[in-house]
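Asks: If it helps, the file is called final-v2.cif and holds mmCIF, C-alpha atoms and all ligand atoms:
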data_structure
#
loop_
_atom_site.label_atom_id
_atom_site.label_comp_id
_atom_site.auth_asym_id
_atom_site.auth_seq_id
_atom_site.Cartn_x
_atom_site.Cartn_y
_atom_site.Cartn_z
CA MET C 1 -94.28 53.08 28.24
CA ILE C 2 -94.99 50.36 30.85
CA LYS C 3 -92.14 48.70 32.69
CA LEU C 4 -92.19 45.82 35.15
CA HIS C 5 -89.10 45.36 37.31
CA ASN C 6 -88.54 42.22 39.33
CA ILE C 7 -92.24 41.44 39.78
CA SER C 8 -93.13 38.50 42.04
CA LYS C 9 -96.48 37.09 43.11
CA THR C 10 -97.32 34.18 45.37
CA PHE C 11 -100.77 32.86 46.26
CA LYS C 12 -100.98 31.29 49.69
CA THR C 13 -103.75 29.05 50.95
CA ALA C 14 -104.02 27.38 54.35
CA SER C 15 -102.13 24.33 53.11
CA SER C 16 -99.95 25.53 50.25
CA SER C 17 -98.03 28.39 48.73
CA GLN C 18 -97.68 28.80 44.98
CA GLN C 19 -95.27 31.28 43.44
CA ILE C 20 -96.91 32.36 40.19
CA LEU C 21 -94.43 35.04 39.06
CA LYS C 22 -90.72 34.92 39.83
CA ASN C 23 -88.78 38.16 39.42
CA VAL C 24 -90.39 39.06 36.12
CA ASP C 25 -89.04 41.95 34.03
CA PHE C 26 -91.13 43.12 31.12
CA SER C 27 -92.01 46.19 29.09
CA VAL C 28 -94.81 47.37 26.84
CA MET C 29 -94.03 49.97 24.20
CA PRO C 30 -96.51 52.26 22.38
CA GLU C 31 -98.49 50.41 19.70
CA ASP C 32 -96.95 47.04 20.59
CA PHE C 33 -98.85 43.87 19.73
CA ILE C 34 -97.79 41.32 22.32
CA THR C 35 -99.25 37.81 22.61
CA ILE C 36 -98.78 35.77 25.78
CA ALA C 37 -99.24 32.00 25.93
CA GLY C 38 -98.54 29.35 28.55
CA PRO C 39 -100.04 26.29 30.20
CA SER C 40 -103.41 26.59 31.91
CA GLY C 41 -103.02 27.82 35.48
CA CYS C 42 -99.47 29.15 34.94
CA GLY C 43 -100.47 32.71 35.85
CA LYS C 44 -101.30 34.47 32.57
CA SER C 45 -104.42 36.15 33.97
CA THR C 46 -102.56 37.05 37.15
CA LEU C 47 -99.79 38.67 35.11
CA LEU C 48 -102.31 40.62 33.03
CA SER C 49 -104.11 41.80 36.18
CA ILE C 50 -100.83 43.04 37.62
CA ILE C 51 -99.67 44.86 34.45
CA SER C 52 -103.12 46.46 34.07
CA LEU C 53 -103.07 47.61 37.72
CA LEU C 54 -105.98 45.48 38.92
CA LEU C 55 -103.84 43.42 41.30
CA PRO C 56 -100.80 44.49 43.34
CA PRO C 57 -97.61 42.42 43.05
CA ASP C 58 -95.93 41.17 46.26
CA ASP C 59 -92.58 42.54 45.19
CA GLY C 60 -91.09 44.63 42.46
CA LYS C 61 -91.90 47.85 40.75
CA ILE C 62 -94.15 48.98 37.90
CA THR C 63 -93.74 52.27 36.10
CA TYR C 64 -96.22 53.86 33.72
CA ASN C 65 -94.45 56.44 31.53
CA GLY C 66 -91.67 56.65 34.10
CA VAL C 67 -94.04 57.18 37.03
CA ASN C 68 -93.78 54.62 39.80
CA VAL C 69 -97.17 53.00 40.51
CA ASP C 70 -98.19 53.23 44.16
CA PHE C 71 -100.69 50.43 44.78
CA SER C 72 -101.72 52.00 48.08
CA SER C 73 -103.02 55.12 46.33
CA GLN C 74 -106.52 54.45 44.98
CA ALA C 75 -106.61 57.94 43.44
CA GLN C 76 -103.40 57.41 41.46
CA LEU C 77 -104.46 53.91 40.39
CA GLU C 78 -107.80 55.20 39.16
CA GLN C 79 -106.14 58.04 37.26
CA MET C 80 -103.64 55.71 35.58
CA ARG C 81 -106.28 53.13 34.68
CA VAL C 82 -108.48 55.77 33.05
CA LYS C 83 -105.58 57.22 31.12
CA TYR C 84 -103.79 54.06 30.05
CA THR C 85 -105.82 50.87 30.21
CA GLY C 86 -108.69 49.23 28.37
CA LEU C 87 -109.78 45.72 29.35
CA ILE C 88 -111.31 42.92 27.32
CA PHE C 89 -112.06 39.53 28.87
CA GLN C 90 -113.26 36.18 27.58
CA ASN C 91 -116.67 36.96 29.07
CA PRO C 92 -117.91 40.40 27.91
CA ASN C 93 -119.52 41.06 31.35
CA LEU C 94 -122.18 43.43 30.04
CA ILE C 95 -124.78 44.91 32.37
CA SER C 96 -128.14 43.52 31.28
CA SER C 97 -130.20 46.39 32.70
CA LEU C 98 -128.34 48.87 30.46
CA ASN C 99 -128.64 49.14 26.68
CA VAL C 100 -125.70 48.80 24.27
CA LEU C 101 -124.73 52.48 24.29
CA GLU C 102 -125.00 52.72 28.08
CA ASN C 103 -122.71 49.71 28.46
CA VAL C 104 -120.07 51.35 26.27
CA LEU C 105 -120.34 54.53 28.33
CA LEU C 106 -120.07 52.73 31.67
CA PRO C 107 -116.32 53.31 32.24
CA ALA C 108 -116.31 56.69 30.45
CA ASN C 109 -114.37 59.54 31.95
CA TYR C 110 -116.49 62.51 30.92
CA LYS C 111 -113.88 64.99 32.12
CA LYS C 112 -111.64 64.17 29.20
CA LEU C 113 -113.83 65.08 26.20
CA GLY C 114 -116.99 66.40 27.85
CA LYS C 115 -120.30 64.55 27.98
CA LYS C 116 -121.58 65.29 24.49
CA ALA C 117 -118.33 64.42 22.70
CA THR C 118 -117.97 61.25 24.79
CA ILE C 119 -121.42 60.05 23.71
CA GLU C 120 -120.52 60.83 20.10
CA LYS C 121 -117.28 58.88 20.58
CA ALA C 122 -119.24 55.88 21.93
CA LYS C 123 -121.52 55.96 18.89
CA LYS C 124 -118.52 56.18 16.58
CA LEU C 125 -116.93 53.17 18.30
CA LEU C 126 -120.17 51.21 17.97
CA SER C 127 -120.16 52.04 14.28
CA ASP C 128 -116.51 50.90 14.03
CA VAL C 129 -117.41 47.54 15.57
CA GLY C 130 -120.39 47.19 13.20
CA LEU C 131 -123.15 47.80 15.74
CA SER C 132 -124.62 51.17 14.65
CA GLU C 133 -128.02 49.56 14.31
CA LYS C 134 -127.93 48.16 17.85
CA THR C 135 -127.05 51.34 19.74
CA ASN C 136 -130.24 51.29 21.80
CA ALA C 137 -130.71 47.52 21.81
CA ASP C 138 -131.12 45.38 24.87
CA VAL C 139 -127.77 43.58 25.41
CA SER C 140 -129.46 40.30 26.32
CA LYS C 141 -130.73 40.09 22.72
CA LEU C 142 -127.23 40.15 21.22
CA SER C 143 -125.22 37.16 19.99
CA GLY C 144 -121.94 36.22 21.72
CA GLY C 145 -119.88 37.88 19.00
CA GLU C 146 -121.99 41.06 19.19
CA MET C 147 -121.58 41.16 22.98
CA GLN C 148 -117.82 40.94 22.56
CA ARG C 149 -117.98 43.80 20.04
CA VAL C 150 -119.74 45.92 22.66
CA SER C 151 -117.01 45.09 25.15
CA ILE C 152 -114.36 46.14 22.60
CA ALA C 153 -116.09 49.51 22.12
CA ARG C 154 -116.35 49.85 25.92
CA ALA C 155 -112.63 49.13 26.34
CA LEU C 156 -111.77 51.95 23.91
CA ILE C 157 -114.05 54.67 25.27
CA ASN C 158 -111.26 56.43 27.19
CA GLU C 159 -108.73 56.11 24.32
CA PRO C 160 -106.42 53.79 26.26
CA LYS C 161 -102.73 53.53 25.44
CA VAL C 162 -102.93 49.77 25.99
CA LEU C 163 -105.71 47.23 25.43
CA PHE C 164 -105.29 44.27 27.76
CA CYS C 165 -107.11 41.23 26.41
CA ASP C 166 -107.50 37.99 28.37
CA GLU C 167 -108.53 35.19 25.97
CA PRO C 168 -110.84 37.62 24.12
CA THR C 169 -112.06 35.00 21.65
CA GLY C 170 -112.02 32.05 24.05
CA ALA C 171 -115.80 31.75 24.22
CA LEU C 172 -116.51 32.21 20.51
CA ASP C 173 -116.76 29.77 17.60
CA GLN C 174 -113.93 29.62 15.07
CA GLU C 175 -115.46 31.95 12.49
CA THR C 176 -116.63 34.61 14.97
CA SER C 177 -113.33 34.33 16.75
CA GLN C 178 -111.43 35.26 13.58
CA GLN C 179 -113.77 38.19 12.87
CA ILE C 180 -113.36 39.53 16.39
CA LEU C 181 -109.59 39.19 16.30
CA LYS C 182 -109.38 41.03 12.97
CA LEU C 183 -111.64 43.77 14.30
CA LEU C 184 -109.63 44.06 17.49
CA LEU C 185 -106.34 44.49 15.62
CA GLU C 186 -107.82 47.05 13.20
CA ILE C 187 -109.48 49.12 15.88
CA ALA C 188 -106.38 49.11 18.09
CA ARG C 189 -104.23 50.28 15.21
CA LYS C 190 -106.70 53.01 14.34
CA ASN C 191 -106.79 54.21 17.96
CA LYS C 192 -103.02 53.81 18.39
CA SER C 193 -103.49 51.45 21.32
CA ALA C 194 -100.94 48.77 22.08
CA ILE C 195 -102.36 45.26 22.60
CA VAL C 196 -101.27 42.82 25.27
CA MET C 197 -103.20 39.62 24.59
CA VAL C 198 -103.29 36.39 26.55
CA THR C 199 -104.31 33.44 24.41
CA HIS C 200 -104.12 29.67 24.45
CA ASP C 201 -104.77 29.59 20.70
CA ASN C 202 -101.47 28.98 18.95
CA ASP C 203 -102.63 30.55 15.66
CA ILE C 204 -103.48 33.77 17.49
CA TRP C 205 -100.26 33.68 19.49
CA GLU C 206 -98.27 33.39 16.24
CA LYS C 207 -99.82 36.64 15.00
CA GLY C 208 -98.18 38.68 17.78
CA ARG C 209 -95.41 41.07 16.81
CA ARG C 210 -93.82 40.15 20.15
CA LYS C 211 -94.49 36.60 21.29
CA VAL C 212 -94.07 35.71 24.91
CA ARG C 213 -94.45 32.51 26.92
CA LEU C 214 -95.08 32.33 30.63
CA GLN C 215 -93.76 29.15 32.19
CA GLY C 216 -92.52 28.27 35.64
CA GLY C 217 -93.09 31.85 36.81
CA LYS C 218 -90.77 33.27 34.15
CA LEU C 219 -91.52 35.21 30.98
CA ILE C 220 -89.65 34.15 27.88
CA GLU C 221 -89.79 36.35 24.81
CA LEU C 222 -89.46 34.46 21.52
CA GLY C 223 -88.26 36.03 18.31
N1 LIG A 301 -106.92 35.15 44.02
C1 LIG A 301 -106.31 33.97 44.02
N2 LIG A 301 -106.09 33.31 45.19
C2 LIG A 301 -105.44 32.12 45.19
N3 LIG A 301 -104.99 31.50 44.09
C3 LIG A 301 -105.18 32.11 42.91
C4 LIG A 301 -105.85 33.36 42.81
N4 LIG A 301 -105.90 33.72 41.49
C5 LIG A 301 -105.29 32.73 40.83
N5 LIG A 301 -104.86 31.77 41.66
C6 LIG A 301 -104.12 30.56 41.27
O1 LIG A 301 -102.94 30.94 40.59
C7 LIG A 301 -102.71 30.12 39.47
C8 LIG A 301 -102.65 30.94 38.21
O2 LIG A 301 -103.94 31.42 37.87
P1 LIG A 301 -104.24 32.26 36.56
O3 LIG A 301 -103.42 33.49 36.57
O4 LIG A 301 -105.70 32.43 36.45
O5 LIG A 301 -103.68 31.27 35.42
P2 LIG A 301 -103.96 31.22 33.85
O6 LIG A 301 -104.65 32.49 33.46
O7 LIG A 301 -102.59 31.08 33.22
O8 LIG A 301 -104.78 30.00 33.58
C9 LIG A 301 -103.79 29.06 39.49
O9 LIG A 301 -103.30 27.92 40.13
C10 LIG A 301 -104.89 29.71 40.28
O10 LIG A 301 -105.67 28.73 40.92
MG MG A 302 -106.51 32.89 32.61
#
Can you dump the structure from the file as structure tokens?
Ligand SMILES: Nc1ncnc2c1ncn2[C@@H]1O[C@H](COP(=O)(O)OP(=O)(O)O)[C@@H](O)[C@H]1O
Ligand SMILES: [Mg+2]
Replies:
Amino acid sequence: MIKLHNISKTFKTASSSQQILKNVDFSVMPEDFITIAGPSGCGKSTLLSIISLLLPPDDGKITYNGVNVDFSSQAQLEQMRVKYTGLIFQNPNLISSLNVLENVLLPANYKKLGKKATIEKAKKLLSDVGLSEKTNADVSKLSGGEMQRVSIARALINEPKVLFCDEPTGALDQETSQQILKLLLEIARKNKSAIVMVTHDNDIWEKGRRKVRLQGGKLIELG
């Protein structure tokens, strides 16, 4: 479904140049569950940003369902992101002036289902993440785990083919972290979304159906 061919990325500053990705080849298949680990600063977030079309690579090619991604076309990028990608970060990044439901609807593409059905979908997702009672709540009154649940519902609003998760439980305590991970896996399966998850937690990494390490700019897939 997603293919990376020969992807390279270098960050240059005034005094140094750091090659983060070196001719990386990788693919994501429908309903995959891929976990990515690697030392801090090795480029995991950079890799995730490139696969999810937030950041252009310096070299190489990315195809989504066989279509070559053109990073100079904002219209094509926007269309592909809406159709394929959902994003979950360590920090839920909710908008405090909007309530829970409005946050979930923020990235919604109303053209797909129509406005009414999209709002129903958002409510259904909030029920799936256990937040039916908080639909109209003020997000600043939620716990950390509840905020991350809202961000999971938000990531799924456009029925993405892939959920990209960057340390999704990194800011949560052990117990909440396990609940959120379980929820994430269940909801992705139910929505037929693949998961590409960056984690520094070895127990979470071990759960991946495909386990990958990023080291020295190279991706190594382990059995
Ligand atoms: N926009 C940027 N400009 C310059 N350097 C960056 C930028 N983004 C990340 N880096 C550097 O690239 C390296 C990899 O960063 P990152 O992908 O965040 O690593 P990880 O997620 O594995 O901890 C780090 O050394 C970081 O400082
Ligand atoms: Mg990171």
Asks: Give me the residues near Asn6 in chain C as a PDB file with C-alpha atoms, in the frame of the given file, where near means some atom within 10 Å (using all atoms listed in the file) and where sequence neighbours in that chain fewer than 2 positions away do not count.
Replies:
ATOM      1  CA  LYS C   3     -92.140  48.700  32.690  1.00  0.00           C
ATOM      2  CA  LEU C   4     -92.190  45.820  35.150  1.00  0.00           C
ATOM      3  CA  SER C   8     -93.130  38.500  42.040  1.00  0.00           C
ATOM      4  CA  LEU C  21     -94.430  35.040  39.060  1.00  0.00           C
ATOM      5  CA  LYS C  22     -90.720  34.920  39.830  1.00  0.00           C
ATOM      6  CA  ASN C  23     -88.780  38.160  39.420  1.00  0.00           C
ATOM      7  CA  VAL C  24     -90.390  39.060  36.120  1.00  0.00           C
ATOM      8  CA  ASP C  25     -89.040  41.950  34.030  1.00  0.00           C
ATOM      9  CA  PHE C  26     -91.130  43.120  31.120  1.00  0.00           C
ATOM     10  CA  PRO C  57     -97.610  42.420  43.050  1.00  0.00           C
ATOM     11  CA  ASP C  59     -92.580  42.540  45.190  1.00  0.00           C
ATOM     12  CA  GLY C  60     -91.090  44.630  42.460  1.00  0.00           C
ATOM     13  CA  LYS C  61     -91.900  47.850  40.750  1.00  0.00           C
ATOM     14  CA  ILE C  62     -94.150  48.980  37.900  1.00  0.00           C
TER      15      ILE C  62
END
Asks: Nearest to Ala108 in chain C: which of C:Thr199, C:Asn158, C:Gln90, C:Gln178 is it, counting all atoms listed in the file?
Replies: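 Smallest distance to Ala108 in chain C is found for C:Asn158.
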Asks: Residues within 8 Å of ligand MG 302 (chain A) (all atoms listed in the file), as a PyMOL selection string?
Replies: chain C and resi 40-41+43-46+166-167+198
Asks: What do you get as a VMD selection string if you pick all residues at most 12 Å from ligand LIG 301 (chain A), counting all atoms listed in the file?
Replies: chain C and resid 9 to 21 36 to 50 54 to 57 89 to 90 165 to 167 170 197 to 200 213 to 217
Asks: Measuring between only C-alpha atoms, which one of C:Glu159, C:Glu133, C:Asp138, C:Glu146 shows the shortest distance to Leu87 in chain C?
Replies: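 Ranked by minimum distance to Leu87 in chain C, first place goes to C:Glu159.
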Asks: Could you tell me which of C:Lys192, C:Thr169, C:Val100, C:Met1 comes closest to Val150 in chain C if we count all atoms listed in the file?
Replies: C:Val100
Asks: Nearest to Thr176 in chain C among C:Leu113, C:Leu125, C:Met147, C:Ala188, with distances taken over all atoms listed in the file: which residue is it?
Replies: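 Distance minimum relative to Thr176 in chain C lands on C:Met147.
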Asks: Give me, as a ChimeraX atom specification, all polymer residues having an atom no more than 8 Å from Ala122 in chain C, counting all atoms listed in the file and skipping those fewer than 4 positions away in the same chain.
Replies: /C:101,104-105,118,126,153-154,157
Asks: So the first atom is CA of Thr63 in chain C and the second is CA of Glu206 in chain C; what is the distance between them in Å, to one decimal place?
Replies: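 If I compute the distance from CA of Thr63 in chain C to CA of Glu206 in chain C, I get 27.8 Å.
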Asks: One decimal, Å: what's the distance from CA of Asn109 in chain C over to CA of Leu183 in chain C, could you say?
Replies: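 Distance between the two atoms: 23.8 Å.
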Asks: Taking into account only C-alpha atoms, which residue in the set C:Thr135, C:Leu142, C:Gln79, C:Gly86 is nearest to Lys112 in chain C?
Replies: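 Residue with the minimum atom-to-atom distance to Lys112 in chain C: C:Gln79.
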Asks: Using all atoms listed in the file, can you tell me which of C:Ile34, C:Ile2, C:Gly114, C:Asp128 comes closest to Glu221 in chain C?
Replies: C:Ile34
Asks: Can you work out the spacing between CA of Lys124 in chain C and CA of Arg149 in chain C in Å, to one decimal?
Replies: 12.9 Å
Asks: What lies within 10 Å of Ile195 in chain C using only C-alpha atoms, ignoring chain neighbours under 6 positions off, as JSON, numbers by chain?
Replies: {"C": [28, 29, 30, 31, 32, 33, 34, 35, 86, 161, 162, 163, 164, 165, 184, 185, 188, 189, 208, 209]}
Asks: Taking (-122.2, 29.5, 19.0) in the file's coordinates, which residues come within 8 Å, counting only C-alpha atoms, written as a list of chain:residue names?
Replies: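 Returned residue set, sorted by chain then number, is C:Gly144, C:Leu172, C:Asp173.
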